[in-house]
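Peer 1: Handing you this structure, nothing more for now.
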Protein chains: 2
Amino acid sequence: MILSASPATLPTDDETALRRTPSQKRSRERVEQILACATALIQEKGSDAMRMSEVAEKAGISIGSLYQYFPDKAAIVRTLAERYNAVCNECIAAELAKVTSIAELRDAFSLLFDIYYDMFLAEPVMRDIWSAMQADKALREIDLAQSRAGGKLLADVWARLVPDTPREEIDSAAFLIMHLGDCTMRLAVSVDRAEGDRIVEAFKRMTIKDFVADGPRGGAGSIDNAMTRS
Amino acid sequence: MILSASPATLPTDDETALRRTPSQKRSRERVEQILACATALIQEKGSDAMRMSEVAEKAGISIGSLYQYFPDKAAIVRTLAERYNAVCNECIAAELAKVTSIAELRDAFSLLFDIYYDMFLAEPVMRDIWSAMQADKALREIDLAQSRAGGKLLADVWARLVPDTPREEIDSAAFLIMHLGDCTMRLAVSVDRAEGDRIVEAFKRMTIKDFVADGPRGGAGSIDNAMTRS
DNA sequence: TTGCAAATGTGAGCGATGCTCATATTTGTT
DNA sequence: AACAAATATGAGCATCGCTCACATTTGCAA
């Protein structure tokens, strides 16, 4: 599991998500333990079926203690979501940093979605959390913020490569692509593996055509550029 | 509102969703009234915050009567979802029926997503239902079935136009495009109108490039066809 | 019209669950 | 040792989906 493997390198919890900032060592450990137990329970039965009483019991603490740190059940899920996002962000930033040409952008994008797909396949908890997303408004906002952040990274690169396209258009297209990447992953892992693979490939081809055609508006390479623009 | 405007032309309720098939006129009216009140409440406060007691009260019936027809709260939402789907299906089938060339397919697709976008903009209840989707497994399956159904319509047309592409690949790509269409609509209506418009346009361009390049695999029109295939 | 079974209606209340709060215990500091 | 701040506790409250035993209405045959 991504999170438990290297908790030290991950960002500290968003303070807004915690009810009380743990100042003593014992309580800081307890927060980590709560998150670990919640992760295990989500893996076992899903975030929806996860009971706060179960989390407390598994962590060996009382219900009251649980609520000392997390204002509500959703806050636990949100904290985990933000940690997963941080991992994704590092991947995206690392891959896009190297890009200096459209061909490289295409390759980076292809690789990025392979990595992303592997993560989704390997992390049932991550999948569950994104499934629960729609039910929680705050979680949805975290998700969109994530797509915006990734989209901005992509748009910065993209804008440099196709300087004649309006920035607004680039931003919206990059935001959309990042978001649809998420959607594609969720879809791909919900069907059988063979179809999941075909779906991910189809998505990559679709988006890559966007790049090869020199930007979101379609460039000289696109046959029907004039018609599409009208 | 789509549903209340022409309830007679809509498909009768999926029998599996109803606990008891209403045989008398009174109860059939009651089912419709329940759905109408539920729609109003979802519009007002969202399906999550909608209380069964409120639905009963607004419909002027008892809690018990409510549960005579709908086995649970989700069943009400599901029934509404299926009605919205039926409307969408008719649109898709109607537009795709006319298509005999790739250019026509492109135009039909463009028009289809404009219609779809308008529906999403005009129907807050529809939006809410799709947001609640992830929380309900059965609802998610309805959604995927819908994408599969639309995808099949698209794949049939597509396969005729690009006969050399493996059918499996076409099916997966068409399924993906339909699903991503949904995702794009949900995203577009969750941001401000100007950005929503740009997002829908970006999606259409992305998918249209897919068609113009002669199929999901990319055809002779695609510059880097050989590279993409490898 | 009357009688009767099937259909439909009712709402008190059960069970489950997220969460609170008054109180008890532990920790760090002087 | 004393004390305040931090932390821990769990009985119990409030909410909500849903059930069930019983009442009422409807359609129909005699």
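Residues are referred to by chain and number: the chain letter is A, B, ... according to the order shown in the structure tokens, the number counts from 1 in that chain, and ligands are numbered separately from 1 in the order shown.
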Would you list the contacts of Arg106 of chain A as a list in words, taking every protein, DNA or RNA residue within 10 Å and counting only C-alpha atoms (C1' of nucleotides), but skipping same-chain residues closer than 2 positions in sequence?

Peer 2: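 Here the answer would be Val99, Ser101, Ile102, Ala103, Glu104, Ala108, Phe109, Ser110, Leu111, Leu112, Lys204, Arg205, Thr207, Ile208, Lys209, Asp210, Phe211 and Val212 of chain A; Thr228 of chain B.
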
Peer 1: Could you list the residues in chain B lying within 8 Å of chain C, using only C-alpha atoms (C1' of nucleotides), and format the result as a list in words?

Peer 2: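 My answer is Gln24, Ser27, Ser62, Ile63, Gly64 and Ser65 of chain B.
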
Peer 1: Now that the selection is made, can you save its residues with N, CA and C atoms as a compact mmCIF listing (two decimals), in the first residue's frame?

Peer 2:
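The result, written out as result10.txt:
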# COMPACT_ATOMS: atom_id res chain seq x y z
N GLN B 24 -54.54 -1.05 -8.96
CA GLN B 24 -55.67 -0.14 -9.01
C GLN B 24 -55.21 1.24 -9.47
N SER B 27 -53.57 3.61 -6.83
CA SER B 27 -52.18 3.37 -6.44
C SER B 27 -51.21 3.73 -7.56
N SER B 62 -48.83 8.08 4.17
CA SER B 62 -48.05 7.65 5.32
C SER B 62 -46.75 6.98 4.87
N ILE B 63 -45.83 6.91 5.80
CA ILE B 63 -44.55 6.23 5.54
C ILE B 63 -44.80 4.81 5.01
N GLY B 64 -45.73 4.14 5.64
CA GLY B 64 -46.03 2.77 5.26
C GLY B 64 -46.43 2.65 3.80
N SER B 65 -47.26 3.58 3.34
CA SER B 65 -47.69 3.54 1.95
C SER B 65 -46.51 3.70 1.00

Peer 1: Taking only C-alpha atoms (C1' of nucleotides) into account, find every residue of chain D that has an atom no more than 9 Å from chain A, and write it out as a list of chain:residue names.

Peer 2: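 Residues satisfying the distance criterion: D:DA6, D:DT7, D:DA8, D:DT9, D:DG10.
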
Peer 1: At a cut-off of 10 Å, using only C-alpha atoms (C1' of nucleotides), what residues contact Leu41 of chain B? Leave out same-chain residues fewer than 3 positions from it and give the result as a PyMOL selection string.

Peer 2: chain B and resi 35-38+44-47+49-51+54-55+58+125

Peer 1: Looking at only C-alpha atoms, which of B:Ala145, B:Ala173, B:Ala138, B:Ala56 is the one that sits closest to chain A?

Peer 2: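 Using only C-alpha atoms, the shortest distance to chain A belongs to B:Ala173.
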
Peer 1: For atom CA of Leu161 of chain B and atom CA of Leu105 of chain B, determine how far apart the two atoms are, in Å to one decimal place.

Peer 2: 9.4 Å

Peer 1: May I have the residues within 9 Å of Phe203 of chain B as a ChimeraX atom specification, using only C-alpha atoms (C1' of nucleotides) and disregarding those fewer than 4 positions away in the same chain?

Peer 2: /A:173,176-177 /B:180-181,184,198-199,207-208
